[in-house]
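Novice: Handing over run_25.cif, mmCIF, C-alpha atoms.
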```
data_final
#
loop_
_atom_site.group_PDB
_atom_site.id
_atom_site.type_symbol
_atom_site.label_atom_id
_atom_site.label_comp_id
_atom_site.auth_asym_id
_atom_site.auth_seq_id
_atom_site.Cartn_x
_atom_site.Cartn_y
_atom_site.Cartn_z
ATOM 1 C CA MET A 1 -6.830 18.615 10.765
ATOM 2 C CA SER A 2 -6.659 21.452 13.271
ATOM 3 C CA SER A 3 -5.252 24.870 12.453
ATOM 4 C CA LYS A 4 -2.091 23.966 14.381
ATOM 5 C CA THR A 5 0.345 22.080 12.167
ATOM 6 C CA ASP A 6 0.739 18.439 13.178
ATOM 7 C CA PHE A 7 4.319 17.722 12.151
ATOM 8 C CA LYS A 8 4.122 14.109 13.322
ATOM 9 C CA LEU A 9 1.160 13.574 11.018
ATOM 10 C CA LEU A 10 2.954 15.272 8.120
ATOM 11 C CA PHE A 11 5.992 13.067 8.707
ATOM 12 C CA CYS A 12 3.813 9.935 8.667
ATOM 13 C CA LEU A 13 2.144 11.024 5.427
ATOM 14 C CA PHE A 14 5.591 11.646 3.941
ATOM 15 C CA ILE A 15 6.710 8.156 4.992
ATOM 16 C CA VAL A 16 3.623 6.560 3.415
ATOM 17 C CA ALA A 17 4.105 8.456 0.151
ATOM 18 C CA VAL A 18 7.837 7.819 -0.180
ATOM 19 C CA VAL A 19 8.235 4.292 1.214
ATOM 20 C CA TRP A 20 5.286 2.762 -0.598
ATOM 21 C CA GLY A 21 6.494 4.531 -3.725
ATOM 22 C CA THR A 22 9.662 2.424 -3.490
ATOM 23 C CA THR A 23 7.924 -0.905 -2.961
ATOM 24 C CA TYR A 24 7.084 -1.332 -6.664
ATOM 25 C CA LEU A 25 10.818 -1.481 -7.347
ATOM 26 C CA GLY A 26 11.394 -3.729 -4.333
ATOM 27 C CA ILE A 27 8.745 -6.227 -5.422
ATOM 28 C CA ARG A 28 10.085 -6.299 -8.998
ATOM 29 C CA ILE A 29 13.522 -7.224 -7.665
ATOM 30 C CA ALA A 30 12.211 -9.758 -5.150
ATOM 31 C CA VAL A 31 10.143 -11.733 -7.704
ATOM 32 C CA GLU A 32 13.212 -12.207 -9.914
ATOM 33 C CA THR A 33 14.213 -15.364 -8.014
ATOM 34 C CA ILE A 34 11.761 -15.887 -5.119
ATOM 35 C CA PRO A 35 8.234 -17.348 -5.551
ATOM 36 C CA GLU A 36 5.567 -14.745 -4.827
ATOM 37 C CA TRP A 37 3.915 -16.255 -1.745
ATOM 38 C CA TYR A 38 7.309 -16.920 -0.153
ATOM 39 C CA ILE A 39 8.109 -13.235 -0.573
ATOM 40 C CA THR A 40 4.904 -12.134 1.118
ATOM 41 C CA SER A 41 5.030 -14.712 3.934
ATOM 42 C CA SER A 42 8.684 -13.893 4.667
ATOM 43 C CA ARG A 43 7.938 -10.188 4.515
ATOM 44 C CA GLN A 44 5.052 -10.319 6.970
ATOM 45 C CA GLY A 45 6.654 -12.969 9.195
ATOM 46 C CA LEU A 46 9.750 -10.838 9.735
ATOM 47 C CA ALA A 47 7.554 -7.767 10.250
ATOM 48 C CA ALA A 48 5.627 -9.642 12.964
ATOM 49 C CA LEU A 49 8.891 -10.564 14.714
ATOM 50 C CA ILE A 50 10.107 -6.949 14.625
ATOM 51 C CA VAL A 51 6.847 -5.661 16.104
ATOM 52 C CA LEU A 52 6.934 -8.503 18.668
ATOM 53 C CA ALA A 53 10.362 -7.309 19.821
ATOM 54 C CA ILE A 54 8.992 -3.772 20.186
ATOM 55 C CA LEU A 55 6.024 -5.004 22.227
ATOM 56 C CA LEU A 56 8.234 -7.116 24.490
ATOM 57 C CA TYR A 57 10.564 -4.173 25.057
ATOM 58 C CA ARG A 58 7.594 -1.972 25.989
ATOM 59 C CA LYS A 59 5.994 -4.826 27.986
ATOM 60 C CA GLU A 60 2.806 -4.354 25.939
ATOM 61 C CA LEU A 61 2.373 -7.849 24.482
ATOM 62 C CA ALA A 62 -1.108 -9.067 25.385
ATOM 63 C CA TRP A 63 -4.109 -10.978 24.086
ATOM 64 C CA ILE A 64 -6.466 -8.453 22.508
ATOM 65 C CA GLY A 65 -9.658 -10.444 22.996
ATOM 66 C CA TRP A 66 -11.776 -12.147 20.354
ATOM 67 C CA GLU A 67 -13.727 -9.014 19.473
ATOM 68 C CA ASN A 68 -10.599 -6.991 18.635
ATOM 69 C CA PHE A 69 -9.021 -10.058 17.031
ATOM 70 C CA LYS A 70 -11.892 -10.156 14.538
ATOM 71 C CA LEU A 71 -11.358 -6.440 13.860
ATOM 72 C CA GLN A 72 -7.686 -7.140 13.029
ATOM 73 C CA PHE A 73 -8.389 -10.332 11.071
ATOM 74 C CA ILE A 74 -10.400 -8.587 8.355
ATOM 75 C CA PRO A 75 -7.799 -5.915 7.391
ATOM 76 C CA ALA A 76 -5.076 -8.571 7.675
ATOM 77 C CA ILE A 77 -6.818 -10.640 5.006
ATOM 78 C CA LEU A 78 -7.924 -7.717 2.817
ATOM 79 C CA MET A 79 -4.907 -5.389 2.973
ATOM 80 C CA ILE A 80 -1.998 -7.759 3.551
ATOM 81 C CA VAL A 81 -2.880 -11.245 2.309
ATOM 82 C CA LEU A 82 -4.942 -10.210 -0.726
ATOM 83 C CA ALA A 83 -3.729 -6.695 -1.576
ATOM 84 C CA ASN A 84 0.001 -7.176 -0.932
ATOM 85 C CA GLY A 85 -0.072 -10.797 -2.074
ATOM 86 C CA PHE A 86 -1.838 -10.286 -5.383
ATOM 87 C CA THR A 87 0.143 -7.128 -6.160
ATOM 88 C CA THR A 88 3.298 -9.204 -5.778
ATOM 89 C CA ILE A 89 1.891 -11.894 -8.087
ATOM 90 C CA ALA A 90 0.768 -9.282 -10.642
ATOM 91 C CA GLU A 91 4.222 -7.689 -10.808
ATOM 92 C CA LYS A 92 5.619 -11.004 -12.004
ATOM 93 C CA THR A 93 3.997 -10.406 -15.402
ATOM 94 C CA LEU A 94 2.746 -6.812 -15.639
ATOM 95 C CA PRO A 95 4.872 -3.858 -16.752
ATOM 96 C CA SER A 96 5.488 -1.382 -13.947
ATOM 97 C CA GLY A 97 3.731 1.393 -15.865
ATOM 98 C CA LEU A 98 0.531 -0.591 -16.215
ATOM 99 C CA THR A 99 0.724 -1.623 -12.549
ATOM 100 C CA SER A 100 0.975 2.022 -11.531
ATOM 101 C CA ILE A 101 -1.977 3.067 -13.684
ATOM 102 C CA LEU A 102 -4.259 0.384 -12.287
ATOM 103 C CA SER A 103 -3.092 0.937 -8.699
ATOM 104 C CA ALA A 104 -3.993 4.608 -9.057
ATOM 105 C CA LEU A 105 -7.642 3.537 -9.290
ATOM 106 C CA SER A 106 -7.595 2.901 -5.537
ATOM 107 C CA PRO A 107 -8.361 6.523 -4.505
ATOM 108 C CA LEU A 108 -11.357 6.549 -6.846
ATOM 109 C CA VAL A 109 -12.661 3.315 -5.323
ATOM 110 C CA VAL A 110 -12.118 4.672 -1.791
ATOM 111 C CA PHE A 111 -13.842 7.943 -2.701
ATOM 112 C CA LEU A 112 -16.907 6.116 -4.053
ATOM 113 C CA GLY A 113 -16.894 3.602 -1.203
ATOM 114 C CA GLY A 114 -16.458 6.288 1.442
ATOM 115 C CA THR A 115 -19.347 8.248 -0.037
ATOM 116 C CA ALA A 116 -21.581 5.159 -0.208
ATOM 117 C CA THR A 117 -20.855 4.182 3.411
ATOM 118 C CA GLY A 118 -21.214 7.714 4.768
ATOM 119 C CA LEU A 119 -17.566 8.001 5.870
ATOM 120 C CA GLN A 120 -17.278 11.242 3.920
ATOM 121 C CA LYS A 121 -19.518 13.734 2.216
ATOM 122 C CA PRO A 122 -19.752 13.465 -1.592
ATOM 123 C CA THR A 123 -18.103 16.796 -2.401
ATOM 124 C CA PHE A 124 -17.458 17.992 -5.930
ATOM 125 C CA LYS A 125 -14.035 19.263 -4.805
ATOM 126 C CA GLY A 126 -13.054 15.810 -3.578
ATOM 127 C CA PHE A 127 -14.108 14.155 -6.820
ATOM 128 C CA ILE A 128 -12.247 16.713 -8.952
ATOM 129 C CA GLY A 129 -9.088 16.352 -6.853
ATOM 130 C CA VAL A 130 -9.088 12.561 -7.153
ATOM 131 C CA LEU A 131 -9.834 12.733 -10.891
ATOM 132 C CA ILE A 132 -7.044 15.260 -11.618
ATOM 133 C CA GLY A 133 -4.542 13.153 -9.690
ATOM 134 C CA PHE A 134 -5.562 10.040 -11.593
ATOM 135 C CA LEU A 135 -5.254 11.863 -14.915
ATOM 136 C CA GLY A 136 -1.732 12.818 -13.895
ATOM 137 C CA VAL A 137 -0.839 9.157 -13.409
ATOM 138 C CA VAL A 138 -2.429 8.197 -16.726
ATOM 139 C CA PHE A 139 -0.528 11.030 -18.437
ATOM 140 C CA ILE A 140 2.796 9.512 -17.341
ATOM 141 C CA PHE A 141 2.005 6.174 -18.971
ATOM 142 C CA ARG A 142 -0.361 7.204 -21.748
ATOM 143 C CA ASP A 143 1.757 5.414 -24.366
ATOM 144 C CA GLY A 144 1.296 2.137 -22.478
ATOM 145 C CA LEU A 145 -2.477 2.257 -22.015
ATOM 146 C CA GLY A 146 -2.920 -0.226 -24.852
ATOM 147 C CA ASP A 147 -1.188 -2.852 -22.703
ATOM 148 C CA ILE A 148 -4.417 -3.262 -20.756
ATOM 149 C CA LEU A 149 -5.890 -5.023 -23.815
ATOM 150 C CA ASP A 150 -2.889 -7.364 -24.213
ATOM 151 C CA PRO A 151 -4.224 -10.902 -23.643
ATOM 152 C CA ASN A 152 -0.906 -11.909 -22.046
ATOM 153 C CA TYR A 153 -1.603 -9.460 -19.230
ATOM 154 C CA LYS A 154 -5.129 -10.653 -18.401
ATOM 155 C CA PRO A 155 -4.118 -12.790 -15.372
ATOM 156 C CA GLY A 156 -1.952 -9.974 -13.996
ATOM 157 C CA VAL A 157 -4.710 -7.390 -14.491
ATOM 158 C CA LEU A 158 -7.170 -9.712 -12.719
ATOM 159 C CA PHE A 159 -4.824 -10.215 -9.747
ATOM 160 C CA LEU A 160 -4.109 -6.504 -9.500
ATOM 161 C CA SER A 161 -7.813 -5.660 -9.686
ATOM 162 C CA ILE A 162 -8.431 -7.968 -6.714
ATOM 163 C CA ALA A 163 -5.555 -6.276 -4.894
ATOM 164 C CA ILE A 164 -6.958 -2.777 -5.547
ATOM 165 C CA LEU A 165 -10.460 -3.680 -4.382
ATOM 166 C CA SER A 166 -9.118 -5.477 -1.315
ATOM 167 C CA TRP A 167 -6.894 -2.564 -0.327
ATOM 168 C CA SER A 168 -9.697 -0.043 -0.832
ATOM 169 C CA PHE A 169 -12.250 -2.011 1.191
ATOM 170 C CA GLY A 170 -9.625 -2.695 3.860
ATOM 171 C CA THR A 171 -8.872 1.023 4.128
ATOM 172 C CA LEU A 172 -12.556 1.869 4.531
ATOM 173 C CA TYR A 173 -13.054 -0.898 7.104
ATOM 174 C CA THR A 174 -10.014 0.238 9.106
ATOM 175 C CA LYS A 175 -11.200 3.847 9.065
ATOM 176 C CA MET A 176 -14.632 2.786 10.311
ATOM 177 C CA HIS A 177 -13.151 0.865 13.269
ATOM 178 C CA THR A 178 -9.879 2.697 13.962
ATOM 179 C CA HIS A 179 -11.316 4.428 17.041
ATOM 180 C CA LYS A 180 -11.931 1.096 18.792
ATOM 181 C CA SER A 181 -8.261 0.383 19.561
ATOM 182 C CA ASN A 182 -5.353 2.748 20.196
ATOM 183 C CA ASN A 183 -2.382 0.344 20.332
ATOM 184 C CA ILE A 184 -1.165 0.377 16.744
ATOM 185 C CA ALA A 185 1.830 -1.887 17.450
ATOM 186 C CA LEU A 186 -0.290 -4.586 19.085
ATOM 187 C CA ASN A 187 -2.865 -4.493 16.279
ATOM 188 C CA LEU A 188 -0.153 -4.705 13.614
ATOM 189 C CA PHE A 189 1.501 -7.640 15.384
ATOM 190 C CA TYR A 190 -1.714 -9.636 15.068
ATOM 191 C CA GLN A 191 -2.309 -8.471 11.493
ATOM 192 C CA PHE A 192 1.220 -9.380 10.357
ATOM 193 C CA SER A 193 1.074 -12.725 12.192
ATOM 194 C CA ILE A 194 -2.276 -13.676 10.666
ATOM 195 C CA ALA A 195 -1.095 -12.697 7.187
ATOM 196 C CA ALA A 196 2.242 -14.508 7.524
ATOM 197 C CA ILE A 197 0.552 -17.778 8.546
ATOM 198 C CA VAL A 198 -2.035 -17.633 5.751
ATOM 199 C CA GLN A 199 0.575 -16.706 3.133
ATOM 200 C CA LEU A 200 2.964 -19.437 4.291
ATOM 201 C CA VAL A 201 0.198 -22.008 3.830
ATOM 202 C CA LEU A 202 -0.402 -20.639 0.316
ATOM 203 C CA ALA A 203 3.338 -20.748 -0.403
ATOM 204 C CA LEU A 204 3.569 -24.404 0.613
ATOM 205 C CA LEU A 205 0.452 -25.258 -1.423
ATOM 206 C CA PHE A 206 1.606 -23.577 -4.645
ATOM 207 C CA ASN A 207 5.376 -24.220 -4.332
ATOM 208 C CA PRO A 208 5.893 -27.271 -2.105
ATOM 209 C CA ASN A 209 9.289 -28.145 -3.611
ATOM 210 C CA VAL A 210 10.906 -24.712 -3.587
ATOM 211 C CA ASP A 211 14.682 -24.570 -4.150
ATOM 212 C CA PHE A 212 16.066 -22.015 -1.710
ATOM 213 C CA SER A 213 19.496 -22.145 -3.361
ATOM 214 C CA THR A 214 18.111 -20.256 -6.365
ATOM 215 C CA TRP A 215 17.192 -17.221 -4.265
ATOM 216 C CA SER A 216 19.615 -14.416 -5.059
ATOM 217 C CA ALA A 217 21.068 -12.049 -2.461
ATOM 218 C CA ARG A 218 19.509 -9.207 -4.469
ATOM 219 C CA SER A 219 16.001 -10.669 -4.138
ATOM 220 C CA ILE A 220 16.497 -11.535 -0.463
ATOM 221 C CA GLY A 221 17.685 -7.982 0.216
ATOM 222 C CA ALA A 222 14.617 -6.594 -1.534
ATOM 223 C CA THR A 223 12.356 -8.814 0.594
ATOM 224 C CA LEU A 224 14.075 -7.584 3.772
ATOM 225 C CA TYR A 225 13.548 -4.004 2.622
ATOM 226 C CA LEU A 226 9.870 -4.688 1.948
ATOM 227 C CA SER A 227 9.514 -6.162 5.425
ATOM 228 C CA VAL A 228 11.260 -3.460 7.455
ATOM 229 C CA PHE A 229 10.254 -0.391 5.470
ATOM 230 C CA GLY A 230 7.267 -1.455 3.346
ATOM 231 C CA SER A 231 5.515 -3.300 6.189
ATOM 232 C CA VAL A 232 6.653 -2.207 9.660
ATOM 233 C CA ILE A 233 7.529 1.465 9.163
ATOM 234 C CA ALA A 234 4.988 2.317 6.452
ATOM 235 C CA PHE A 235 2.079 0.495 8.135
ATOM 236 C CA PHE A 236 2.809 2.227 11.451
ATOM 237 C CA ALA A 237 2.745 5.592 9.653
ATOM 238 C CA TYR A 238 -0.346 4.624 7.639
ATOM 239 C CA HIS A 239 -2.415 3.616 10.670
ATOM 240 C CA TYR A 240 -1.300 6.677 12.637
ATOM 241 C CA ALA A 241 -2.350 8.965 9.773
ATOM 242 C CA LEU A 242 -5.622 7.112 9.146
ATOM 243 C CA LYS A 243 -6.728 7.946 12.698
ATOM 244 C CA ARG A 244 -6.336 11.659 11.929
ATOM 245 C CA VAL A 245 -7.354 12.188 8.285
ATOM 246 C CA SER A 246 -10.042 10.801 6.013
ATOM 247 C CA ALA A 247 -9.577 7.574 4.061
ATOM 248 C CA ILE A 248 -9.538 9.433 0.744
ATOM 249 C CA GLN A 249 -6.975 11.981 1.967
ATOM 250 C CA ILE A 250 -4.434 9.310 2.779
ATOM 251 C CA THR A 251 -5.270 7.161 -0.256
ATOM 252 C CA VAL A 252 -4.557 9.940 -2.763
ATOM 253 C CA LEU A 253 -0.926 9.544 -1.720
ATOM 254 C CA ASN A 254 -0.997 6.601 -4.162
ATOM 255 C CA TYR A 255 -0.462 9.226 -6.845
ATOM 256 C CA PHE A 256 2.790 10.310 -5.205
ATOM 257 C CA ASN A 257 3.759 6.622 -4.991
ATOM 258 C CA THR A 258 3.622 6.430 -8.777
ATOM 259 C CA ALA A 259 5.662 9.595 -9.315
ATOM 260 C CA ILE A 260 8.287 8.359 -6.852
ATOM 261 C CA ALA A 261 8.413 4.961 -8.559
ATOM 262 C CA VAL A 262 9.127 6.665 -11.889
ATOM 263 C CA PHE A 263 11.774 8.905 -10.292
ATOM 264 C CA LEU A 264 13.522 5.836 -8.831
ATOM 265 C CA GLY A 265 13.458 4.215 -12.250
ATOM 266 C CA TRP A 266 15.351 7.255 -13.564
ATOM 267 C CA LEU A 267 17.743 7.334 -10.607
ATOM 268 C CA LEU A 268 18.546 3.623 -10.318
ATOM 269 C CA LEU A 269 17.640 2.052 -13.648
ATOM 270 C CA ASP A 270 18.614 4.865 -16.058
ATOM 271 C CA GLU A 271 15.040 5.247 -17.294
ATOM 272 C CA VAL A 272 14.244 8.517 -19.065
ATOM 273 C CA ILE A 273 12.119 11.216 -17.421
ATOM 274 C CA THR A 274 10.261 13.155 -20.111
ATOM 275 C CA PHE A 275 8.449 16.486 -20.178
ATOM 276 C CA ASP A 276 5.235 14.451 -19.899
ATOM 277 C CA PHE A 277 6.390 13.270 -16.474
ATOM 278 C CA LEU A 278 6.883 16.851 -15.274
ATOM 279 C CA ILE A 279 3.377 17.811 -16.457
ATOM 280 C CA ALA A 280 1.955 14.708 -14.810
ATOM 281 C CA THR A 281 3.723 15.528 -11.531
ATOM 282 C CA VAL A 282 2.091 18.970 -11.522
ATOM 283 C CA LEU A 283 -1.328 17.354 -12.086
ATOM 284 C CA ILE A 284 -0.703 14.858 -9.274
ATOM 285 C CA ILE A 285 0.332 17.569 -6.794
ATOM 286 C CA LEU A 286 -2.638 19.700 -7.852
ATOM 287 C CA GLY A 287 -5.026 16.768 -7.363
ATOM 288 C CA VAL A 288 -3.658 16.011 -3.888
ATOM 289 C CA PHE A 289 -3.824 19.711 -2.938
ATOM 290 C CA ILE A 290 -7.441 20.097 -4.090
ATOM 291 C CA THR A 291 -8.486 16.938 -2.228
ATOM 292 C CA ASN A 292 -6.805 17.981 1.029
ATOM 293 C CA TYR A 293 -7.238 21.767 1.003
ATOM 294 C CA LYS A 294 -9.445 23.213 3.713
ATOM 295 C CA ARG A 295 -10.062 26.927 4.134
ATOM 296 C CA GLN A 296 -9.078 27.967 7.660
#
```
Here is the file; what I need is its structure written in the form of structure tokens.
Specialist:
Amino acid sequence: MSSKTDFKLLFCLFIVAVVWGTTYLGIRIAVETIPEWYITSSRQGLAALIVLAILLYRKELAWIGWENFKLQFIPAILMIVLANGFTTIAEKTLPSGLTSILSALSPLVVFLGGTATGLQKPTFKGFIGVLIGFLGVVFIFRDGLGDILDPNYKPGVLFLSIAILSWSFGTLYTKMHTHKSNNIALNLFYQFSIAAIVQLVLALLFNPNVDFSTWSARSIGATLYLSVFGSVIAFFAYHYALKRVSAIQITVLNYFNTAIAVFLGWLLLDEVITFDFLIATVLIILGVFITNYKRQ
């Protein structure tokens, strides 16, 4: 970043950290009564319609050409179909604490992947920052680390591992090609549309006889929230920020996502915040600061 403060960028980073920190709670509520692939297909389908309305209002709806379509197809599959889809499936069975711990591996994967592909220099400062942030997340849920070995959680851990790898590779791919197209809304429209179609096919394959009458208003409301805030608003902010900062800088916000998820558990579900959480929050903030700090 330049020496001049980019408040629009800071606002987008704030949106990514806060909104995606709330999606863990939203997904947990949505999967209470709605099958997983119906959640994801509804989420992305509505997101595509919202972005379509924006494009029509701006008179910017257009065919992007096969070359750009291929560029949008890959992150749509990696980041939305696989990452969002399998995270939703995993949260059906995994405790939220374990989900947060495993999801916090994403910055480490992006750091290693970015170094291997030459997207960023392998700095000791960057590695230390990512490691300290991850330790902060682990510190929050250290009493639940044994859950990883629970055989009942193996399918959920497998699905979440696929989601983490898909999201990390999708982030690196997007960063590598983000300079090739400047219309974020148009790109997201195609990404959401591709994902919605693929996920709807999966929904019909795995749950062909779904009973819509069992869907609660609470779960439907959570799905709407995930669509408007978790998809449209957060993805706009994410892609804007990814054009201006490194992949690892934006990915370390995953640590804030975890802290926010725990805070919401205290605020909305009467979960207890311990002294361990306060220590972990300091470690998370320190890790993010070390990773992003640049001497002027």
Novice: Taking the file above as input, evaluate the PyMOL selection byres ((chain A and resi 59-61) around 12) and report the hits as an MDAnalysis selection string.
Specialist: chainID A and resid 51:58 62:64 183:190
Novice: Which is closer to A:Ile290 than all the others in A:Phe14, A:Tyr24, A:Phe124, A:Trp37, using all atoms listed in the file?
Specialist: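 Once distances to A:Ile290 are computed over all atoms listed in the file, the minimum belongs to A:Phe124.
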Novice: Can you give me, as an MDAnalysis selection string, the residues this file yields under the PyMOL selection byres ((chain A and resi 166) around 9)?
Specialist: chainID A and resid 75 77:80 82:83 161:165 167:171
Novice: Store the residues of this selection in a file with C-alpha atoms, as a short mmCIF file (atom, residue, chain, number, x, y, z; two decimals), keeping the file's coordinate frame.
Specialist:
```cif
data_model
loop_
_atom_site.label_atom_id
_atom_site.label_comp_id
_atom_site.auth_asym_id
_atom_site.auth_seq_id
_atom_site.Cartn_x
_atom_site.Cartn_y
_atom_site.Cartn_z
CA PRO A 75 -7.80 -5.92 7.39
CA ILE A 77 -6.82 -10.64 5.01
CA LEU A 78 -7.92 -7.72 2.82
CA MET A 79 -4.91 -5.39 2.97
CA ILE A 80 -2.00 -7.76 3.55
CA LEU A 82 -4.94 -10.21 -0.73
CA ALA A 83 -3.73 -6.70 -1.58
CA SER A 161 -7.81 -5.66 -9.69
CA ILE A 162 -8.43 -7.97 -6.71
CA ALA A 163 -5.56 -6.28 -4.89
CA ILE A 164 -6.96 -2.78 -5.55
CA LEU A 165 -10.46 -3.68 -4.38
CA TRP A 167 -6.89 -2.56 -0.33
CA SER A 168 -9.70 -0.04 -0.83
CA PHE A 169 -12.25 -2.01 1.19
CA GLY A 170 -9.62 -2.70 3.86
CA THR A 171 -8.87 1.02 4.13
#
```
Novice: Give me, please, the distance in Å between atom CA of A:Asn257 and atom CA of A:Gly45, quoted to one decimal.
Specialist: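 Between atom CA of A:Asn257 and atom CA of A:Gly45 the gap is 24.4 Å.
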Novice: For A:Glu91, which residue among A:Gly136, A:Gly65, A:Gly114, A:Gly26 is the nearest when counting only C-alpha atoms?
Specialist: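 The closest residue to A:Glu91 is A:Gly26.
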Novice: Calculate how many Å separate atom CA of A:Ile194 from atom CA of A:Ala76, rounding to one decimal.
Specialist: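 Interatomic distance, atom CA of A:Ile194 to atom CA of A:Ala76: 6.5 Å.
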Novice: Run through the PyMOL selection byres ((chain A and resi 89) around 9) on the given coordinates and return the selected residues as a list in words.
Specialist: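 So the PyMOL selection byres ((chain A and resi 89) around 9), applied here, picks out Val31, Pro35, Glu36, Trp37, Asn84, Gly85, Phe86, Thr87, Thr88, Ala90, Glu91, Lys92, Thr93, Gly156, Phe159 and Leu160 of chain A.
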Novice: Of the candidates A:Ile260, A:Ala30, A:Val282, A:Ala47, which one gets nearest to A:Val16 if we count all atoms listed in the file?
Specialist: A:Ile260
Novice: Identify, on the basis of only C-alpha atoms, every residue whose closest approach to A:Thr33 does not exceed 9 Å; exclude the query and any residue fewer than 2 positions from it along the same chain; express the result as a compact mmCIF listing (two decimals) with C-alpha atoms, in the frame of the given file.
Specialist:
```txt
# COMPACT_ATOMS: atom_id res chain seq x y z
CA ILE A 29 13.52 -7.22 -7.66
CA ALA A 30 12.21 -9.76 -5.15
CA VAL A 31 10.14 -11.73 -7.70
CA PRO A 35 8.23 -17.35 -5.55
CA THR A 214 18.11 -20.26 -6.36
CA TRP A 215 17.19 -17.22 -4.26
CA SER A 216 19.61 -14.42 -5.06
CA ARG A 218 19.51 -9.21 -4.47
CA SER A 219 16.00 -10.67 -4.14
CA ILE A 220 16.50 -11.54 -0.46
```
Novice: If we count only C-alpha atoms, what is near A:Ile132 at a cut-off of 9 Å, once residues fewer than 2 positions away on the same chain are taken out, given as an MDAnalysis selection string?
Specialist: chainID A and resid 127:130 134:137 283:284 286:288 290
Novice: Could you tell me how far atom CA of A:Tyr38 lies from atom CA of A:Phe192, in Å and to one decimal?
Specialist: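 Atom CA of A:Tyr38 sits 14.3 Å away from atom CA of A:Phe192.
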Novice: I'd like the neighbourhood of A:Leu10 as a PDB file with C-alpha atoms, in the coordinates of the input, where a residue qualifies if any of its atoms comes within 12 Å (using only C-alpha atoms), though same-chain residues fewer than 3 positions away should be ignored.
Specialist:
```pdb
ATOM      1  CA  MET A   1      -6.830  18.615  10.765  1.00  0.00           C
ATOM      2  CA  LYS A   4      -2.091  23.966  14.381  1.00  0.00           C
ATOM      3  CA  THR A   5       0.345  22.080  12.167  1.00  0.00           C
ATOM      4  CA  ASP A   6       0.739  18.439  13.178  1.00  0.00           C
ATOM      5  CA  PHE A   7       4.319  17.722  12.151  1.00  0.00           C
ATOM      6  CA  LEU A  13       2.144  11.024   5.427  1.00  0.00           C
ATOM      7  CA  PHE A  14       5.591  11.646   3.941  1.00  0.00           C
ATOM      8  CA  ILE A  15       6.710   8.156   4.992  1.00  0.00           C
ATOM      9  CA  VAL A  16       3.623   6.560   3.415  1.00  0.00           C
ATOM     10  CA  ALA A  17       4.105   8.456   0.151  1.00  0.00           C
ATOM     11  CA  ALA A 237       2.745   5.592   9.653  1.00  0.00           C
ATOM     12  CA  TYR A 238      -0.346   4.624   7.639  1.00  0.00           C
ATOM     13  CA  TYR A 240      -1.300   6.677  12.637  1.00  0.00           C
ATOM     14  CA  ALA A 241      -2.350   8.965   9.773  1.00  0.00           C
ATOM     15  CA  LEU A 242      -5.622   7.112   9.146  1.00  0.00           C
ATOM     16  CA  ARG A 244      -6.336  11.659  11.929  1.00  0.00           C
ATOM     17  CA  VAL A 245      -7.354  12.188   8.285  1.00  0.00           C
ATOM     18  CA  ILE A 250      -4.434   9.310   2.779  1.00  0.00           C
TER      19      ILE A 250
END
```
Novice: Considering all atoms listed in the file, can you say which of A:Leu108, A:Leu264, A:Ile34, A:Leu204 comes closest to A:Ala217?
Specialist: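 Using all atoms listed in the file, the shortest distance to A:Ala217 belongs to A:Ile34.
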Novice: Between A:Thr281, A:Gln44, A:Asn209, A:Thr115, which residue has the minimum interatomic distance to A:Ser227, considering all atoms listed in the file?
Specialist: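 Ranking A:Thr281, A:Gln44, A:Asn209, A:Thr115 by distance to A:Ser227, first place goes to A:Gln44.
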Novice: Ranking A:Thr117, A:Gln191, A:Thr22, A:Asn207 by minimum distance to A:Phe256 and counting all atoms listed in the file, which one comes first?
Specialist: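 Among A:Thr117, A:Gln191, A:Thr22, A:Asn207, it is A:Thr22 that comes nearest to A:Phe256.
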